[in-house]
$ cat structure-v3.csv   # CSV, C-alpha atoms
chain,number,residue,atom,x,y,z
W,69,MET,CA,0.0,0.0,0.0
W,70,GLU,CA,1.4,3.4,-1.0
W,71,LEU,CA,0.7,7.0,0.1
W,72,GLN,CA,0.1,9.8,-2.3
W,73,LEU,CA,0.1,13.5,-1.3
W,74,ALA,CA,-2.4,15.5,-3.4
W,75,LEU,CA,-1.5,19.2,-3.9
W,76,ASP,CA,-4.5,21.2,-5.1
W,77,LEU,CA,-4.6,24.7,-3.8
W,78,VAL,CA,-1.0,25.8,-3.9
W,79,ASN,CA,1.3,27.5,-6.3
W,80,ILE,CA,4.7,26.0,-7.3
W,81,PRO,CA,6.8,27.4,-4.5
W,82,GLU,CA,4.2,26.4,-1.9
W,83,ALA,CA,4.1,22.9,-3.4
W,84,LYS,CA,7.9,22.6,-3.1
W,85,LYS,CA,7.8,23.7,0.5
W,86,LEU,CA,5.0,21.2,1.4
W,87,VAL,CA,6.7,18.3,-0.3
W,88,LYS,CA,10.0,19.0,1.5
W,89,GLU,CA,8.2,18.7,4.8
W,90,VAL,CA,6.8,15.2,4.1
W,91,GLU,CA,9.0,13.7,1.4
W,92,ASP,CA,10.3,10.9,3.7
W,93,TYR,CA,6.8,9.7,4.4
W,94,ILE,CA,5.1,9.7,1.0
W,95,ASP,CA,5.6,7.6,-2.2
W,96,ILE,CA,3.9,9.8,-4.8
W,97,VAL,CA,3.3,13.6,-5.1
W,98,GLU,CA,0.1,14.5,-7.0
W,99,ILE,CA,0.1,17.7,-9.0
W,100,GLY,CA,-3.7,18.3,-8.7
W,101,THR,CA,-5.9,19.5,-11.5
W,102,PRO,CA,-6.3,23.0,-10.1
W,103,VAL,CA,-2.5,23.4,-10.0
W,104,VAL,CA,-2.2,22.1,-13.6
W,105,ILE,CA,-4.9,24.5,-14.7
W,106,ASN,CA,-3.3,27.5,-12.9
W,107,GLU,CA,0.4,26.8,-13.7
W,108,GLY,CA,0.5,24.3,-16.6
W,109,LEU,CA,2.8,21.2,-16.8
W,110,LYS,CA,5.6,23.4,-15.6
W,111,ALA,CA,4.4,22.4,-12.1
W,112,VAL,CA,5.0,18.7,-12.8
W,113,LYS,CA,8.4,19.5,-14.3
W,114,GLU,CA,9.6,21.6,-11.4
W,115,ILE,CA,8.5,19.1,-8.7
W,116,LYS,CA,10.0,16.1,-10.5
W,117,GLN,CA,13.3,18.0,-10.9
W,118,GLU,CA,13.4,18.9,-7.2
W,119,PHE,CA,12.2,15.5,-5.9
W,120,PRO,CA,13.6,12.9,-8.4
W,121,SER,CA,13.2,10.1,-5.9
W,122,LEU,CA,9.5,10.6,-5.6
W,123,LYS,CA,7.0,9.5,-8.2
W,124,VAL,CA,4.9,12.4,-9.6
W,125,LEU,CA,1.3,12.0,-10.7
W,126,ALA,CA,-0.1,14.6,-13.1
W,127,ASP,CA,-3.8,14.8,-12.4
W,128,LEU,CA,-4.9,15.9,-15.9
W,129,LYS,CA,-8.3,14.2,-15.8
W,130,ILE,CA,-7.9,13.5,-19.5
W,131,MET,CA,-11.2,13.4,-21.5
W,132,ASP,CA,-9.9,13.6,-25.0
W,133,ALA,CA,-6.7,13.7,-27.2
W,134,ALA,CA,-5.5,11.1,-24.7
W,135,GLY,CA,-2.3,10.0,-26.5
W,136,TYR,CA,-1.1,13.6,-26.9
W,137,GLU,CA,-1.8,14.5,-23.3
W,138,VAL,CA,0.0,11.5,-21.9
W,139,MET,CA,2.9,12.3,-24.2
W,140,LYS,CA,3.1,15.9,-23.0
W,141,ALA,CA,2.8,14.9,-19.3
W,142,SER,CA,5.5,12.2,-19.7
W,143,GLU,CA,7.8,14.8,-21.3
W,144,ALA,CA,7.3,17.0,-18.3
W,145,GLY,CA,8.4,14.1,-16.0
W,146,ALA,CA,5.1,12.6,-14.8
W,147,ASP,CA,5.3,8.9,-13.7
W,148,ILE,CA,1.5,8.5,-13.5
W,149,ILE,CA,-1.1,10.3,-15.5
W,150,THR,CA,-4.9,10.4,-14.8
W,151,ILE,CA,-7.7,10.0,-17.3
W,152,LEU,CA,-11.4,10.1,-16.5
W,153,GLY,CA,-13.5,6.9,-16.3
W,154,ALA,CA,-16.1,8.9,-18.2
W,155,ALA,CA,-13.8,9.2,-21.2
W,156,GLU,CA,-14.6,7.2,-24.4
W,157,ASP,CA,-12.9,3.7,-24.6
W,158,MET,CA,-10.9,5.0,-27.6
W,159,SER,CA,-9.4,7.6,-25.3
W,160,ILE,CA,-8.7,5.1,-22.5
W,161,LYS,CA,-6.9,2.8,-25.0
W,162,GLY,CA,-5.0,5.7,-26.5
W,163,ALA,CA,-3.8,6.7,-23.0
W,164,VAL,CA,-2.8,3.1,-22.1
W,165,ASP,CA,-0.9,2.7,-25.4
W,166,GLU,CA,1.0,5.9,-25.1
W,167,ALA,CA,1.8,5.3,-21.4
W,168,LYS,CA,3.3,1.9,-22.3
W,169,LYS,CA,5.4,3.5,-25.0
W,170,GLN,CA,6.7,6.1,-22.5
W,171,GLY,CA,7.1,3.6,-19.6
W,172,LYS,CA,4.5,5.5,-17.6
W,173,LYS,CA,1.3,4.4,-15.7
W,174,ILE,CA,-2.3,5.4,-16.2
W,175,LEU,CA,-4.7,6.0,-13.3
W,176,VAL,CA,-8.4,6.2,-14.1
W,177,ASP,CA,-10.4,8.6,-11.9
W,178,MET,CA,-13.9,7.2,-11.4
W,179,ILE,CA,-15.4,10.6,-10.4
W,180,GLY,CA,-18.9,11.0,-11.7
W,181,ILE,CA,-19.3,7.4,-12.8
W,182,LYS,CA,-22.7,5.9,-11.8
W,183,ASP,CA,-22.1,2.2,-12.6
W,184,ILE,CA,-18.8,1.9,-10.7
W,185,GLU,CA,-18.5,-1.9,-10.9
W,186,GLY,CA,-19.5,-2.2,-14.6
W,187,ARG,CA,-17.1,0.5,-15.7
W,188,ALA,CA,-14.3,-0.8,-13.5
W,189,LYS,CA,-14.5,-4.2,-15.2
W,190,GLU,CA,-14.3,-2.6,-18.6
W,191,LEU,CA,-11.3,-0.4,-17.6
W,192,ASP,CA,-9.5,-3.4,-16.0
W,193,ALA,CA,-9.9,-5.3,-19.3
W,194,MET,CA,-8.4,-2.3,-21.2
W,195,GLY,CA,-5.2,-2.6,-19.2
W,196,VAL,CA,-5.2,0.5,-17.1
W,197,ASP,CA,-2.7,0.5,-14.2
W,198,TYR,CA,-4.8,2.0,-11.4
W,199,ILE,CA,-8.6,2.4,-10.9
W,200,CYS,CA,-9.3,5.1,-8.4
W,201,VAL,CA,-12.6,5.7,-6.6
W,202,HIS,CA,-12.9,9.4,-5.9
W,203,THR,CA,-15.4,11.6,-4.1
W,204,GLY,CA,-14.6,15.1,-5.4
W,205,TYR,CA,-14.7,18.4,-3.5
W,206,ASP,CA,-18.2,19.2,-4.7
W,207,LEU,CA,-19.6,15.9,-3.2
W,208,GLN,CA,-17.4,15.9,-0.1
W,209,ALA,CA,-19.2,19.2,0.6
W,210,VAL,CA,-22.4,17.3,1.0
W,211,GLY,CA,-20.9,14.5,3.1
W,212,GLN,CA,-20.2,11.7,0.6
W,213,ASN,CA,-17.1,9.4,0.7
W,214,SER,CA,-15.7,6.6,-1.5
W,215,PHE,CA,-15.2,3.8,1.0
W,216,GLU,CA,-18.2,1.8,-0.2
W,217,ASP,CA,-17.1,2.3,-3.8
W,218,LEU,CA,-13.6,1.0,-3.0
W,219,LYS,CA,-15.1,-2.3,-1.8
W,220,LYS,CA,-17.1,-2.5,-5.0
W,221,ILE,CA,-14.2,-2.2,-7.3
W,222,LYS,CA,-12.0,-4.4,-5.2
W,223,SER,CA,-14.5,-7.2,-5.8
W,224,VAL,CA,-14.4,-6.9,-9.6
W,225,VAL,CA,-10.9,-5.7,-10.6
W,226,LYS,CA,-8.4,-8.4,-11.5
W,227,ASN,CA,-5.3,-6.8,-12.9
W,228,ALA,CA,-5.3,-3.1,-12.1
W,229,LYS,CA,-4.3,-1.7,-8.8
W,230,THR,CA,-7.0,0.1,-6.8
W,231,ALA,CA,-6.8,3.6,-5.3
W,232,VAL,CA,-9.0,5.8,-3.2
W,233,ALA,CA,-9.2,9.5,-2.9
W,234,GLY,CA,-11.5,12.2,-1.4
W,235,GLY,CA,-11.5,13.6,2.1
W,236,ILE,CA,-9.4,10.9,3.7
W,237,LYS,CA,-8.2,12.0,7.2
W,238,LEU,CA,-6.1,10.4,10.0
W,239,GLU,CA,-9.4,9.5,11.7
W,240,THR,CA,-10.9,7.8,8.7
W,241,LEU,CA,-7.7,6.1,7.5
W,242,PRO,CA,-8.2,2.9,9.5
W,243,GLU,CA,-11.4,2.2,7.7
W,244,VAL,CA,-9.7,2.8,4.3
W,245,VAL,CA,-6.7,0.6,5.2
W,246,LYS,CA,-9.0,-2.2,6.2
W,247,ALA,CA,-10.4,-2.3,2.6
W,248,LYS,CA,-6.8,-2.8,1.3
W,249,PRO,CA,-6.4,-0.4,-1.6
W,250,ASP,CA,-3.0,-0.3,-3.3
W,251,LEU,CA,-2.9,3.4,-3.1
W,252,VAL,CA,-4.3,5.9,-0.6
W,253,ILE,CA,-4.5,9.5,-1.8
W,254,VAL,CA,-4.6,12.3,0.9
W,255,GLY,CA,-4.8,16.0,0.3
W,256,GLY,CA,-6.2,18.3,3.0
W,257,GLY,CA,-5.9,15.4,5.5
W,258,ILE,CA,-2.1,16.3,5.5
W,259,THR,CA,-1.9,19.8,4.1
W,260,GLY,CA,-4.6,21.2,6.4
W,261,LYS,CA,-2.7,20.0,9.5
W,262,GLU,CA,-0.4,22.1,11.7
W,263,ASP,CA,2.2,19.4,11.9
W,264,LYS,CA,2.2,17.9,8.3
W,265,GLN,CA,5.3,15.8,8.9
W,266,ALA,CA,4.0,14.1,12.0
W,267,THR,CA,0.6,13.4,10.2
W,268,ALA,CA,2.3,12.0,7.1
W,269,ALA,CA,4.6,9.9,9.3
W,270,GLN,CA,1.6,8.5,11.2
W,271,MET,CA,-0.3,7.8,8.0
W,272,GLN,CA,2.6,6.0,6.5
W,273,LYS,CA,3.0,3.8,9.6
W,274,MET,CA,-0.7,2.9,9.5
W,275,ILE,CA,-0.5,2.1,5.8
W,276,ARG,CA,2.6,-0.1,6.1
W,277,GLN,CA,1.0,-2.1,8.9
W,278,GLY,CA,-2.3,-2.4,7.0
G,22,MET,CA,-25.0,32.2,-34.9
G,23,GLU,CA,-21.5,32.9,-33.7
G,24,LEU,CA,-18.1,31.5,-34.8
G,25,GLN,CA,-15.5,30.2,-32.3
G,26,LEU,CA,-11.9,29.5,-33.2
G,27,ALA,CA,-10.5,26.6,-31.2
G,28,LEU,CA,-6.7,26.7,-30.5
G,29,ASP,CA,-5.5,23.3,-29.3
G,30,LEU,CA,-2.0,22.5,-30.6
G,31,VAL,CA,-0.2,25.8,-30.2
G,32,ASN,CA,1.9,27.7,-27.7
G,33,ILE,CA,1.0,31.3,-26.6
G,34,PRO,CA,3.0,33.1,-29.3
G,35,GLU,CA,1.6,30.8,-32.0
G,36,ALA,CA,-1.9,31.4,-30.6
G,37,LYS,CA,-1.5,35.2,-30.8
G,38,LYS,CA,-0.2,35.0,-34.4
G,39,LEU,CA,-3.2,32.8,-35.4
G,40,VAL,CA,-5.8,35.0,-33.8
G,41,LYS,CA,-4.3,38.1,-35.4
G,42,GLU,CA,-4.9,36.6,-38.8
G,43,VAL,CA,-8.6,35.9,-38.3
G,44,GLU,CA,-9.7,38.3,-35.6
G,45,ASP,CA,-12.1,40.2,-37.8
G,46,TYR,CA,-14.0,37.1,-38.7
G,47,ILE,CA,-14.5,35.3,-35.4
G,48,ASP,CA,-16.6,36.0,-32.3
G,49,ILE,CA,-14.9,33.8,-29.7
G,50,VAL,CA,-11.3,32.5,-29.2
G,51,GLU,CA,-11.1,29.1,-27.5
G,52,ILE,CA,-8.0,28.4,-25.4
G,53,GLY,CA,-8.2,24.6,-25.8
G,54,THR,CA,-7.6,22.0,-23.1
G,55,PRO,CA,-4.2,21.1,-24.4
G,56,VAL,CA,-3.1,24.7,-24.3
G,57,VAL,CA,-4.4,25.1,-20.7
G,58,ILE,CA,-2.6,22.0,-19.6
G,59,ASN,CA,0.7,23.0,-21.3
G,60,GLU,CA,0.7,26.6,-20.3
G,61,GLY,CA,-1.9,27.2,-17.6
G,62,LEU,CA,-4.4,30.0,-17.3
G,63,LYS,CA,-1.6,32.5,-18.4
G,64,ALA,CA,-2.7,31.5,-22.0
G,65,VAL,CA,-6.2,32.8,-21.3
G,66,LYS,CA,-4.9,36.0,-19.7
G,67,GLU,CA,-2.4,36.9,-22.5
G,68,ILE,CA,-5.0,36.3,-25.3
G,69,LYS,CA,-7.7,38.3,-23.5
G,70,GLN,CA,-5.2,41.2,-23.0
G,71,GLU,CA,-4.1,41.2,-26.6
G,72,PHE,CA,-7.6,40.8,-28.0
G,73,PRO,CA,-10.0,42.6,-25.6
G,74,SER,CA,-12.8,42.9,-28.1
G,75,LEU,CA,-13.0,39.1,-28.6
G,76,LYS,CA,-14.7,36.8,-26.2
G,77,VAL,CA,-12.3,34.2,-24.8
G,78,LEU,CA,-13.5,30.7,-23.8
G,79,ALA,CA,-11.3,28.7,-21.4
G,80,ASP,CA,-11.8,25.0,-22.2
G,81,LEU,CA,-11.1,23.7,-18.7
G,82,LYS,CA,-13.5,20.7,-19.1
G,83,ILE,CA,-14.2,21.0,-15.3
G,84,MET,CA,-15.0,17.8,-13.5
G,85,ASP,CA,-14.7,18.9,-9.9
G,86,ALA,CA,-14.1,22.0,-7.6
G,87,ALA,CA,-16.2,23.8,-10.1
G,88,GLY,CA,-16.8,27.1,-8.3
G,89,TYR,CA,-13.1,27.4,-7.6
G,90,GLU,CA,-12.1,26.7,-11.3
G,91,VAL,CA,-14.7,29.1,-12.6
G,92,MET,CA,-13.4,31.8,-10.3
G,93,LYS,CA,-9.8,31.3,-11.4
G,94,ALA,CA,-10.6,31.3,-15.1
G,95,SER,CA,-12.7,34.4,-14.6
G,96,GLU,CA,-9.8,36.1,-12.9
G,97,ALA,CA,-7.7,35.2,-15.9
G,98,GLY,CA,-10.1,37.0,-18.2
G,99,ALA,CA,-12.3,34.2,-19.6
G,100,ASP,CA,-15.8,35.1,-20.7
G,101,ILE,CA,-17.0,31.5,-21.1
G,102,ILE,CA,-15.8,28.5,-19.1
G,103,THR,CA,-16.4,24.8,-20.0
G,104,ILE,CA,-17.5,22.0,-17.7
G,105,LEU,CA,-18.1,18.4,-18.6
G,106,GLY,CA,-21.7,17.1,-19.0
G,107,ALA,CA,-20.3,14.0,-17.1
G,108,ALA,CA,-19.7,16.1,-14.0
G,109,GLU,CA,-21.9,15.7,-11.0
G,110,ASP,CA,-25.0,18.0,-10.8
G,111,MET,CA,-23.5,19.6,-7.6
G,112,SER,CA,-20.5,20.6,-9.8
G,113,ILE,CA,-22.7,21.9,-12.6
G,114,LYS,CA,-24.7,24.0,-10.2
G,115,GLY,CA,-21.5,25.3,-8.5
G,116,ALA,CA,-20.2,26.4,-11.9
G,117,VAL,CA,-23.4,28.1,-12.9
G,118,ASP,CA,-23.6,30.0,-9.5
G,119,GLU,CA,-20.0,31.2,-9.6
G,120,ALA,CA,-20.3,32.2,-13.3
G,121,LYS,CA,-23.4,34.3,-12.5
G,122,LYS,CA,-21.5,36.0,-9.6
G,123,GLN,CA,-18.6,36.7,-12.0
G,124,GLY,CA,-20.8,37.8,-14.9
G,125,LYS,CA,-19.5,34.9,-17.0
G,126,LYS,CA,-21.0,32.1,-19.1
G,127,ILE,CA,-20.9,28.3,-18.7
G,128,LEU,CA,-20.6,26.0,-21.7
G,129,VAL,CA,-21.2,22.3,-21.0
G,130,ASP,CA,-19.2,19.9,-23.2
G,131,MET,CA,-21.3,16.7,-23.9
G,132,ILE,CA,-18.2,14.7,-24.9
G,133,GLY,CA,-18.5,11.1,-23.6
G,134,ILE,CA,-22.2,11.4,-22.7
G,135,LYS,CA,-24.3,8.4,-23.9
G,136,ASP,CA,-27.9,9.7,-23.2
G,137,ILE,CA,-27.4,13.1,-24.9
G,138,GLU,CA,-31.1,14.1,-24.9
G,139,GLY,CA,-31.8,13.2,-21.2
G,140,ARG,CA,-28.6,14.9,-19.9
G,141,ALA,CA,-29.3,18.0,-22.1
G,142,LYS,CA,-32.7,18.4,-20.5
G,143,GLU,CA,-31.2,18.2,-17.0
G,144,LEU,CA,-28.5,20.6,-17.8
G,145,ASP,CA,-30.9,23.1,-19.4
G,146,ALA,CA,-33.0,23.0,-16.2
G,147,MET,CA,-29.8,23.8,-14.2
G,148,GLY,CA,-29.4,27.0,-16.0
G,149,VAL,CA,-26.2,26.5,-18.0
G,150,ASP,CA,-25.6,29.0,-20.8
G,151,TYR,CA,-24.5,26.7,-23.7
G,152,ILE,CA,-24.8,23.0,-24.3
G,153,CYS,CA,-22.2,21.8,-26.8
G,154,VAL,CA,-22.2,18.5,-28.7
G,155,HIS,CA,-18.6,17.5,-29.3
G,156,THR,CA,-16.9,14.7,-31.1
G,157,GLY,CA,-13.5,14.7,-29.6
G,158,TYR,CA,-10.2,14.0,-31.4
G,159,ASP,CA,-10.1,10.4,-30.4
G,160,LEU,CA,-13.5,9.7,-32.0
G,161,GLN,CA,-13.0,11.9,-35.0
G,162,ALA,CA,-10.1,9.6,-35.7
G,163,VAL,CA,-12.7,6.8,-36.2
G,164,GLY,CA,-15.0,8.9,-38.4
G,165,GLN,CA,-17.7,10.1,-36.0
G,166,ASN,CA,-19.3,13.5,-36.0
G,167,SER,CA,-21.8,15.5,-33.9
G,168,PHE,CA,-24.4,16.6,-36.4
G,169,GLU,CA,-27.0,14.1,-35.4
G,170,ASP,CA,-26.4,14.9,-31.7
G,171,LEU,CA,-26.9,18.6,-32.5
G,172,LYS,CA,-30.4,17.8,-33.8
G,173,LYS,CA,-31.2,15.8,-30.7
G,174,ILE,CA,-30.3,18.6,-28.3
G,175,LYS,CA,-32.0,21.2,-30.4
G,176,SER,CA,-35.2,19.2,-30.0
G,177,VAL,CA,-35.1,19.2,-26.1
G,178,VAL,CA,-33.2,22.4,-25.0
G,179,LYS,CA,-35.5,25.3,-24.1
G,180,ASN,CA,-33.3,28.0,-22.5
G,181,ALA,CA,-29.6,27.2,-23.2
G,182,LYS,CA,-27.9,28.1,-26.4
G,183,THR,CA,-26.6,25.2,-28.5
G,184,ALA,CA,-23.1,24.7,-29.8
G,185,VAL,CA,-21.3,22.1,-32.0
G,186,ALA,CA,-17.7,21.1,-32.1
G,187,GLY,CA,-15.5,18.5,-33.6
G,188,GLY,CA,-14.0,18.2,-37.0
G,189,ILE,CA,-16.1,20.9,-38.7
G,190,LYS,CA,-14.7,22.0,-42.1
G,191,LEU,CA,-15.7,24.4,-44.8
G,192,GLU,CA,-17.1,21.5,-46.7
G,193,THR,CA,-19.3,20.2,-43.8
G,194,LEU,CA,-20.3,23.7,-42.5
G,195,PRO,CA,-23.5,24.0,-44.7
G,196,GLU,CA,-24.9,20.9,-43.0
G,197,VAL,CA,-24.1,22.3,-39.6
G,198,VAL,CA,-25.6,25.7,-40.4
G,199,LYS,CA,-28.8,24.1,-41.5
G,200,ALA,CA,-29.3,22.6,-38.0
G,201,LYS,CA,-29.1,26.2,-36.6
G,202,PRO,CA,-26.8,25.9,-33.6
G,203,ASP,CA,-26.1,29.2,-31.8
G,204,LEU,CA,-22.4,28.6,-31.8
G,205,VAL,CA,-20.1,26.8,-34.3
G,206,ILE,CA,-16.7,25.8,-33.0
G,207,VAL,CA,-13.9,25.3,-35.6
G,208,GLY,CA,-10.3,24.3,-34.9
G,209,GLY,CA,-8.3,22.5,-37.6
G,210,GLY,CA,-10.9,23.5,-40.2
G,211,ILE,CA,-9.3,27.0,-40.0
G,212,THR,CA,-5.9,26.5,-38.4
G,213,GLY,CA,-5.0,23.6,-40.8
G,214,LYS,CA,-5.6,25.8,-43.9
G,215,GLU,CA,-3.0,27.7,-45.9
G,216,ASP,CA,-5.2,30.8,-46.1
G,217,LYS,CA,-6.7,31.0,-42.6
G,218,GLN,CA,-8.1,34.5,-43.1
G,219,ALA,CA,-10.0,33.6,-46.3
G,220,THR,CA,-11.4,30.4,-44.7
G,221,ALA,CA,-12.6,32.2,-41.6
G,222,ALA,CA,-14.1,35.0,-43.7
G,223,GLN,CA,-16.0,32.5,-45.8
G,224,MET,CA,-17.2,30.6,-42.7
G,225,GLN,CA,-18.4,33.8,-41.1
G,226,LYS,CA,-20.3,34.7,-44.3
G,227,MET,CA,-22.0,31.2,-44.3
G,228,ILE,CA,-22.8,31.5,-40.6
G,229,ARG,CA,-24.3,35.0,-40.9
G,230,GLN,CA,-26.5,33.9,-43.8
G,231,GLY,CA,-27.6,30.7,-42.1

$ encode --input "structure-v3.csv" --output "structure tokens"
Amino acid sequence: MELQLALDLVNIPEAKKLVKEVEDYIDIVEIGTPVVINEGLKAVKEIKQEFPSLKVLADLKIMDAAGYEVMKASEAGADIITILGAAEDMSIKGAVDEAKKQGKKILVDMIGIKDIEGRAKELDAMGVDYICVHTGYDLQAVGQNSFEDLKKIKSVVKNAKTAVAGGIKLETLPEVVKAKPDLVIVGGGITGKEDKQATAAQMQKMIRQG
Amino acid sequence: MELQLALDLVNIPEAKKLVKEVEDYIDIVEIGTPVVINEGLKAVKEIKQEFPSLKVLADLKIMDAAGYEVMKASEAGADIITILGAAEDMSIKGAVDEAKKQGKKILVDMIGIKDIEGRAKELDAMGVDYICVHTGYDLQAVGQNSFEDLKKIKSVVKNAKTAVAGGIKLETLPEVVKAKPDLVIVGGGITGKEDKQATAAQMQKMIRQG
């Protein structure tokens, strides 16, 4: 089980400062969609250059022109690139093919998908690397979470790794760990804490024991 | 009926050069998703500053954190911001609310939506400004287009304006114009031509007569 730090509401200098604090306790840094939109792929490039030993995920939430976007993110130094589960199968396949060519991984974000199990099966068959259940900001605001969805995809996915994202905190982490995802993605649960390092360290410990 | 130029595979200087050539013949400049990913919202800001009389559309294809993204794009100078039809209703409503606050417009991109008519009805009721049928690059590559989908949404949408995008060329424009969308979006059909200005001029003429 790996730990990913999601950076969403920061600029590049703030991102660097945050990662420095917790780099010993995380496996992957996510350059979140808002950071990509605000700053472009430069954000991915600068973080990868400064932290070459960490994997970097570029949260592009690709919906179209998938091969091209995966190529650009790979050039910028991303190790993992995200595409939406809602994208057309042609786009999913284009992303997977290009990622293989580049030696990169594809994570599918299931945000907005109604038939989680059915779509997860299809995505698994298309050879994606990770399938991630994700309660976005706009639904977290009305109290939803992804723990039930995680169990659903765990029951149908055979080859892909599973991931979970959306509002995970130290207090809710034990429930998440119990469902045994391969990747746990935490944003505000670390970045919103006074002592980010201690929080990340404690999360890492729980994840490695889980 | 308005004409929008979509810029997808250019950097900022190339975008400026292209817009200069055709600015007299278009109503809206689209900063396409690939440009936003590569360059960030700076691309929106620079084009709006250089061409203040044109409307600028920021093709963010929002899927989450909709209010925040609409705010950031508005700050950068966008007049119209895109959200995916596949986004949760909470996100659509968040985008519409923030756009109203900022005096901006929301265009919903229907890419990847299976039940075009049903979703268009729902989106129309949520108060979005434009509903856009869109055959993305990855499906254009296998010969699909959006003309039939345009007829479908025209038959159900009562308040929103309708738009069509994806592979429209001078040769296919008459068919599009006949279906009477409010907005026609053209990318490679202009940017891929030797004489971009003459092509845009001819398209504008056909659109104004249509």

$ atom_distance --input "structure-v3.csv" --atom1 "atom CA of Ala133 of chain W" --atom2 "atom CA of Ala228 of chain W"
22.6 Å

$ interface_residues --input "structure-v3.csv" --of "chain W" --to "chain G" --cutoff "8 Å" --atoms "only C-alpha atoms" --output "list of chain:residue names"
W:Pro102, W:Val104, W:Ile105, W:Asn106, W:Glu107, W:Gly108, W:Leu109, W:Lys110, W:Leu128, W:Lys129, W:Met131, W:Asp132, W:Ala133, W:Ala134, W:Glu137, W:Lys140, W:Ala154, W:Ala155, W:Glu156, W:Met158, W:Ser159, W:Gly162, W:Ile179, W:Gly180, W:Ile181, W:Gly204, W:Tyr205, W:Asp206, W:Leu207

$ write_last_selection --input "structure-v3.csv" --atoms "C-alpha atoms" --output "PDB file, in the coordinates of the input"
ATOM      1  CA  PRO W 102      -6.300  23.000 -10.100  1.00  0.00           C
ATOM      2  CA  VAL W 104      -2.200  22.100 -13.600  1.00  0.00           C
ATOM      3  CA  ILE W 105      -4.900  24.500 -14.700  1.00  0.00           C
ATOM      4  CA  ASN W 106      -3.300  27.500 -12.900  1.00  0.00           C
ATOM      5  CA  GLU W 107       0.400  26.800 -13.700  1.00  0.00           C
ATOM      6  CA  GLY W 108       0.500  24.300 -16.600  1.00  0.00           C
ATOM      7  CA  LEU W 109       2.800  21.200 -16.800  1.00  0.00           C
ATOM      8  CA  LYS W 110       5.600  23.400 -15.600  1.00  0.00           C
ATOM      9  CA  LEU W 128      -4.900  15.900 -15.900  1.00  0.00           C
ATOM     10  CA  LYS W 129      -8.300  14.200 -15.800  1.00  0.00           C
ATOM     11  CA  MET W 131     -11.200  13.400 -21.500  1.00  0.00           C
ATOM     12  CA  ASP W 132      -9.900  13.600 -25.000  1.00  0.00           C
ATOM     13  CA  ALA W 133      -6.700  13.700 -27.200  1.00  0.00           C
ATOM     14  CA  ALA W 134      -5.500  11.100 -24.700  1.00  0.00           C
ATOM     15  CA  GLU W 137      -1.800  14.500 -23.300  1.00  0.00           C
ATOM     16  CA  LYS W 140       3.100  15.900 -23.000  1.00  0.00           C
ATOM     17  CA  ALA W 154     -16.100   8.900 -18.200  1.00  0.00           C
ATOM     18  CA  ALA W 155     -13.800   9.200 -21.200  1.00  0.00           C
ATOM     19  CA  GLU W 156     -14.600   7.200 -24.400  1.00  0.00           C
ATOM     20  CA  MET W 158     -10.900   5.000 -27.600  1.00  0.00           C
ATOM     21  CA  SER W 159      -9.400   7.600 -25.300  1.00  0.00           C
ATOM     22  CA  GLY W 162      -5.000   5.700 -26.500  1.00  0.00           C
ATOM     23  CA  ILE W 179     -15.400  10.600 -10.400  1.00  0.00           C
ATOM     24  CA  GLY W 180     -18.900  11.000 -11.700  1.00  0.00           C
ATOM     25  CA  ILE W 181     -19.300   7.400 -12.800  1.00  0.00           C
ATOM     26  CA  GLY W 204     -14.600  15.100  -5.400  1.00  0.00           C
ATOM     27  CA  TYR W 205     -14.700  18.400  -3.500  1.00  0.00           C
ATOM     28  CA  ASP W 206     -18.200  19.200  -4.700  1.00  0.00           C
ATOM     29  CA  LEU W 207     -19.600  15.900  -3.200  1.00  0.00           C
TER      30      LEU W 207
END

$ residues_around --input "structure-v3.csv" --residues "Asp183 of chain W" --least-positions-apart "6" --cutoff "12 Å" --atoms "all atoms listed in the file" --output "list in words"
Gly153, Ala154, Lys189, Glu190, Val201, Asp217, Lys220 and Ile221 of chain W

$ residues_around --input "structure-v3.csv" --residues "Arg276 of chain W" --least-positions-apart "2" --cutoff "10 Å" --atoms "only C-alpha atoms" --output "MDAnalysis selection string"
chainID W and resid 69:71 245 271:274 278

$ write_last_selection --input "structure-v3.csv" --atoms "C-alpha atoms" --output "PDB file, in the frame of the given file"
ATOM      1  CA  MET W  69       0.000   0.000   0.000  1.00  0.00           C
ATOM      2  CA  GLU W  70       1.400   3.400  -1.000  1.00  0.00           C
ATOM      3  CA  LEU W  71       0.700   7.000   0.100  1.00  0.00           C
ATOM      4  CA  VAL W 245      -6.700   0.600   5.200  1.00  0.00           C
ATOM      5  CA  MET W 271      -0.300   7.800   8.000  1.00  0.00           C
ATOM      6  CA  GLN W 272       2.600   6.000   6.500  1.00  0.00           C
ATOM      7  CA  LYS W 273       3.000   3.800   9.600  1.00  0.00           C
ATOM      8  CA  MET W 274      -0.700   2.900   9.500  1.00  0.00           C
ATOM      9  CA  GLY W 278      -2.300  -2.400   7.000  1.00  0.00           C
TER      10      GLY W 278
END

$ residues_around --input "structure-v3.csv" --residues "Lys122 of chain G" --least-positions-apart "4" --cutoff "12 Å" --atoms "all atoms listed in the file" --output "list in words"
Gly88, Val91, Met92, Ser95, Gly115, Ala116, Val117, Asp118, Lys126 and Ile127 of chain G

$ residues_near_point --input "structure-v3.csv" --point "(10.0, 22.4, -8.2)" --cutoff "10 Å" --atoms "all atoms listed in the file" --output "JSON, numbers by chain"
{"W": [80, 81, 82, 83, 84, 85, 87, 110, 111, 112, 113, 114, 115, 116, 117, 118, 119]}

$ residues_around --input "structure-v3.csv" --residues "Gly209 of chain G" --least-positions-apart "6" --cutoff "8 Å" --atoms "all atoms listed in the file" --output "list in words"
Ala27, Gly188 and Lys190 of chain G

$ write_last_selection --input "structure-v3.csv" --atoms "C-alpha atoms" --output "mmCIF file, in the frame of the given file"
data_model
loop_
_atom_site.group_PDB
_atom_site.id
_atom_site.type_symbol
_atom_site.label_atom_id
_atom_site.label_comp_id
_atom_site.auth_asym_id
_atom_site.auth_seq_id
_atom_site.Cartn_x
_atom_site.Cartn_y
_atom_site.Cartn_z
ATOM 1 C CA ALA G 27 -10.500 26.600 -31.200
ATOM 2 C CA GLY G 188 -14.000 18.200 -37.000
ATOM 3 C CA LYS G 190 -14.700 22.000 -42.100
#
